[in-house]
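Undergrad: Quick one: this structure, given as C-alpha cells, is what I'll be asking you about.
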Number of protein chains: 2
Amino acid sequence: MKLVCSKPQLIDVINTVQRAIAPKTALPILECIKIDANGDGNVVFTGNNIDICIEYNTKCTVTEGGTIAIASKMFGEIVRRLPEGDVTISVNPSNFITKIKSGSSEFNIQGIAPDEFPDAPILDEKFRFTLNEGSLKKLIRKTISFVAQNEGKKPVLTGALFEIKDNSLNVVASDGHRLAVVKEEIKETVNNYKFVVPGMTLRELIKILKDEEDSVNIIVSDRTVLFDFGYYQVYSRLLDGEFLKYDAIISAVNTINVVAEKRYIMDSLERAQLLINDDISAKSENKVPVRFNIAYDKIDVSCITGKGQVNDTVPVELDGGELIIGFNCRFLLDALSACDEEQVKMEFSAPTSGCFIRSVNNDDSYIYMILPVRLYN
Amino acid sequence: MKLVCSKPQLIDVINTVQRAIAPKTALPILECIKIDANGDGNVVFTGNNIDICIEYNTKCTVTEGGTIAIASKMFGEIVRRLPEGDVTISVNPSNFITKIKSGSSEFNIQGIAPDEFPDAPILDEKFRFTLNEGSLKKLIRKTISFVAQNEGKKPVLTGALFEIKDNSLNVVASDGHRLAVVKEEIKETVNNYKFVVPGMTLRELIKILKDEEDSVNIIVSDRTVLFDFGYYQVYSRLLDGEFLKYDAIISAVNTINVVAEKRYIMDSLERAQLLINDDISAKSENKVPVRFNIAYDKIDVSCITGKGQVNDTVPVELDGGELIIGFNCRFLLDALSACDEEQVKMEFSAPTSGCFIRSVNNDDSYIYMILPVRLYN
C-alpha cells in the first residue's frame, strides 16, 4: 500500500474515526485504525470497538492499493507532529512495517495484519429518517446528562430512547431519578418507530457533530443504527428492553409556577454545590440535598453539610402557593445548563412531586423532570 | 472580627497566599489562611506551610479587629463563587464560625483558633540586594527545569544557587546530568554572597511573579530568604550544603559549533519524544537516547525504540568537524524551550562531552550544558 494525503485531511479523518477506537483493550487490533486503499484513490479509514464503528471515506493519491491496521493513538500523535504538507503512508507487505513520511521527517512503525479487524455491521434496514446535523447535536446535548451512567436495575436506561411519533422525534433519557424529553419535528412524512441508542455512542457522537445544516440519514435495523453523514458513517449497536413510559409523567399538571433568570438560580446552586462536593459527612451516592423555600417573589436556596452552611435568595416570578422542597443539587444544575434560554420556567406541586423545567415559551420543545429528595430538617 | 473587602481584591490576595498553603497535610492548620485584622484597617493574610510563608498586607474596612484561620481551598472557592461586589467576613469569637457574605449570598463555615498557626520566620539580615520582578521571573523560568526533582545523592541540588559575584547574579541549577547558568547584572554595588533556594519555593514563586519593572528586595539570613514585593512578602527556608563548582564546567572550549533554528530542532526532538514516551522496552529512568549525526550543514536526528523508528533532518550552520552523539531527548527539549531567541547556538566537542547551548549573541546571559548518553548502535 502507498498513498499520499494532505496533513489537515488526515487529521480530520483521525479525529473522527478515533471516536470509535477503544483507548485500551485486551485486543490490540481494536486499538487500531484500519486503512483500506484501492487503486481508484478511494481510501476508507475505519475504527471499530465492536460497540461503535466509524468508516470515513476520502480521496487520496493511491499509487499502490492495500490494507493495514495501525495503532490509532500513535498514528494520530505522529501525524499531528509531522511538518505541514503532504503525508506519504507506505506499507511493506511482507512485515507490515508502515512508513509515515512528510518533508524530511520519516517514521517507521509496526502495523498489524488487518485480517483480524472486525467487519462493519451488516444493516437490514427497517426504518429510515433524516435530521440535520445541528438538530441531532442539540437533541443529544440536551439529553445526554440524563442518561444513566451505570446499568443499575434497568440496563436500557444507559441509552436514550429515539421515538418517532406523529412525525416528531422525541429523544428521552432517564436514570430513574430524573427525566428529559426533547422534541424535534421531522420534515418528511414517516411512520412511528422507536429504538434505544447507547449513551456511550451518543457521548462519542456529540464530540464529532457540527452545528451545521447538513443532512444526516439515520437508518435503523433490529440491532443496529447507522448515522450516515455522507463522507463518514457511524454504526452503533442498539439497546434491548422496554424504556420508561414517559407520557404520563410529563403530562402532570403543576400548581406552582416559577419563572427565574437561569444564571441567578444556577449561581446559587453552584454555591451550594461547593459545600456538597467532597462532603465527608455524606455517603457519595447519597448527597445532602439543596433546600428550596419557595415563597412570594423569591426562592431561598440553602444547604447544610459537614463543610458549612449556605443561604442564598433568588428573585423569581411566582404563580401559585408556597413550598419547601429538596433536590439533588447536581441534577438541577445539569438540567438548567442544558437550557439555552436566559429565563426558565420551573413548575412544582408538592414536596413529594418532581420539579418540571421547560421553556418559558410554553412550547414542548423540551421538558426536564427531577424527582425531589426528602428533607430531614 | 468583622471586615469588608472587594471581591477582586480578595481573589488577588487568595491567589497569592495560597501558593504557600499545602493542599493536604497532617496538620489542618497548615491548610488554612490566617486573617489578621486590626482596627486601623490593616489586614494581613498569611499562608505558611513551614517551607514557604507568604504574608499579604492590604487595606480593608475593619469594623472589629481580630484573627481567624480558615481552610484556604474552601475559602477561595467560596469567594470566587460569590456575587460581584463587597465581601463581608465576620467571625463569632466564641465558636470561630466565620460568615462570608456578599449580596444575598451568605456562607457560614467553621474557622479554627489561630493560636496554632506557625509564626513567620524571624530574619537576621546578613545580605540584601534588589532585582526587578520581571528579571527575577526570567531567571527562575530559565533555570527551573534543571533543578533536581528528587533528593538523590546531593540534596542541595533540589535547589537553585543564587551567587552574587562581581556585581552579577548567577542563578545555577543542576540535577547531575545537566547544568543551567543564567546571569543578570545587579544595578547597585553589592558584595559577593551566595545561597541556595529550594526548587519548591521557586516553582511557587514563578506562579505569582509578574513581568513587571517593580523592585523586589531580596533579604537573606543564614537559614531564610525573604522576597519582599512591598505589599506581600515571601519567606523561604534555604538549603544547606556545598553546590556544584560550575565555573570549570562552563569554561570548556568546544570545537564543533552549530547554529540552528530553535523551532526546527525542537520539532524534530518532539517527534523523537513521541517514540520515547511510554516506551515499554526501556525502564522509565533509563530512556532511549536520541541520536544526533552532525555533518556538514545538517543534523540527522534519529531514534529507535520499542514503538518504532524516526529519522529527521534539520538544516544548520556548522563550524567544525562531524560527530555522532546521543542525548536524553527531554533534557534537550527543556533547555531549548527555556531559550527565548529564534536561533540557538549549540556547541559540541566529542561523543563523551556535553552539549552547550547558549545565545547566538555570544554573550554569557545563559549557558545550558547537557551531558551525553552513550549510544549502543
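The way I read the labels, and the way they are meant: chains A, B, ... in the order of the C-alpha cells, residue 1 as the first residue of every chain, and ligand 1 as the first ligand shown, with later ones counted on from there.
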Show which residues sit within 9 Å of B:Ala69, as a PyMOL selection string. Count only C-alpha atoms, and ignore same-chain residues fewer than 6 positions away.
TA: chain B and resi 29+32-36+96+111-115+117
Undergrad: Quick one: everything within 10 Å of stretch 303-319 of chain A, counting only C-alpha atoms, minus sequence neighbours fewer than 6 positions away in the same chain. Send it as a VMD selection string.
TA: (chain A and resid 255 to 261 264 to 269 271 to 282 287 to 297 326 329 345 to 347 377) or (chain B and resid 74 78 97 to 110)
Undergrad: Compile the contact shell of A:Gly241 as a list in words: residues with an atom at most 10 Å away, counting only C-alpha atoms, same-chain residues fewer than 4 positions apart removed.
TA: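 Answer for this query is Lys154, Pro155, Val156, Leu157, Phe195 and Val196 of chain A.
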Undergrad: Please, which residues of stretch 201-369 of chain A, numbered as in this document, come out helix (DSSP H, G or I) from DSSP, as a ChimeraX atom specification?
TA: /A:201-208,247-250,262-276,329-337
Undergrad: Pull the strand (DSSP E) assignments for stretch 196-328 of chain A out of DSSP run on the backbone, and list those residues as number ranges by chain.
TA: A: 196-198, 215-220, 224-228, 232-237, 256-261, 290-295, 298-305, 308-319, 323-327
Undergrad: Which one of A:Arg141, A:Lys165, A:His177, A:Arg263 sits closest to chain B if you count only C-alpha atoms?
TA: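 Of all the options, A:Arg263 lies closest to chain B.
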Undergrad: What does the distance from atom CA of B:Glu270 to atom CA of B:Ser135 come to in Å, to one decimal?
TA: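 Interatomic distance, atom CA of B:Glu270 to atom CA of B:Ser135: 28.8 Å.
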Undergrad: Would you mind telling me which residue in A:Ser302, A:Ser359, A:Ser337, A:Asn170 lies nearest to chain B when using only C-alpha atoms?
TA: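 Under the stated criterion, the closest residue is A:Ser302.
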Undergrad: Show which residues sit within 8 Å of A:Leu139, as number ranges by chain. Count only C-alpha atoms, and ignore same-chain residues fewer than 2 positions away.
TA: A: 135-137, 141-143, 171, 182-184
Undergrad: Residues of the last selection are to be written out with N, CA, C and O atoms, as a CSV table (one decimal), in the first residue's frame.
TA:
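Writing done, so here's part_24.csv:
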```
chain,number,residue,atom,x,y,z
A,135,SER,N,-29.4,19.8,14.5
A,135,SER,CA,-30.5,19.4,15.3
A,135,SER,C,-30.2,18.1,16.1
A,135,SER,O,-30.5,18.0,17.3
A,136,LEU,N,-29.5,17.2,15.4
A,136,LEU,CA,-29.1,15.9,16.1
A,136,LEU,C,-28.2,16.3,17.3
A,136,LEU,O,-28.3,15.7,18.4
A,137,LYS,N,-27.2,17.2,17.0
A,137,LYS,CA,-26.3,17.6,18.1
A,137,LYS,C,-27.1,18.2,19.2
A,137,LYS,O,-26.8,17.9,20.4
A,141,ARG,N,-27.1,16.9,23.0
A,141,ARG,CA,-26.6,17.8,24.1
A,141,ARG,C,-27.6,18.0,25.2
A,141,ARG,O,-27.3,18.1,26.4
A,142,LYS,N,-28.9,18.1,24.8
A,142,LYS,CA,-30.0,18.5,25.8
A,142,LYS,C,-30.4,17.2,26.6
A,142,LYS,O,-31.3,17.4,27.5
A,143,THR,N,-30.0,16.0,26.3
A,143,THR,CA,-30.5,14.9,27.0
A,143,THR,C,-29.3,14.0,27.6
A,143,THR,O,-29.6,13.3,28.5
A,171,VAL,N,-36.5,12.6,21.9
A,171,VAL,CA,-35.4,11.9,22.4
A,171,VAL,C,-35.6,11.9,24.0
A,171,VAL,O,-35.8,13.0,24.5
A,182,VAL,N,-36.9,15.7,24.8
A,182,VAL,CA,-36.6,16.8,23.9
A,182,VAL,C,-37.2,16.4,22.6
A,182,VAL,O,-37.1,15.3,22.1
A,183,LYS,N,-37.9,17.4,21.9
A,183,LYS,CA,-38.7,17.1,20.7
A,183,LYS,C,-38.1,17.9,19.5
A,183,LYS,O,-37.7,19.0,19.7
A,184,GLU,N,-38.2,17.2,18.4
A,184,GLU,CA,-37.8,17.9,17.1
A,184,GLU,C,-38.8,17.4,16.0
A,184,GLU,O,-39.0,16.2,15.9
```
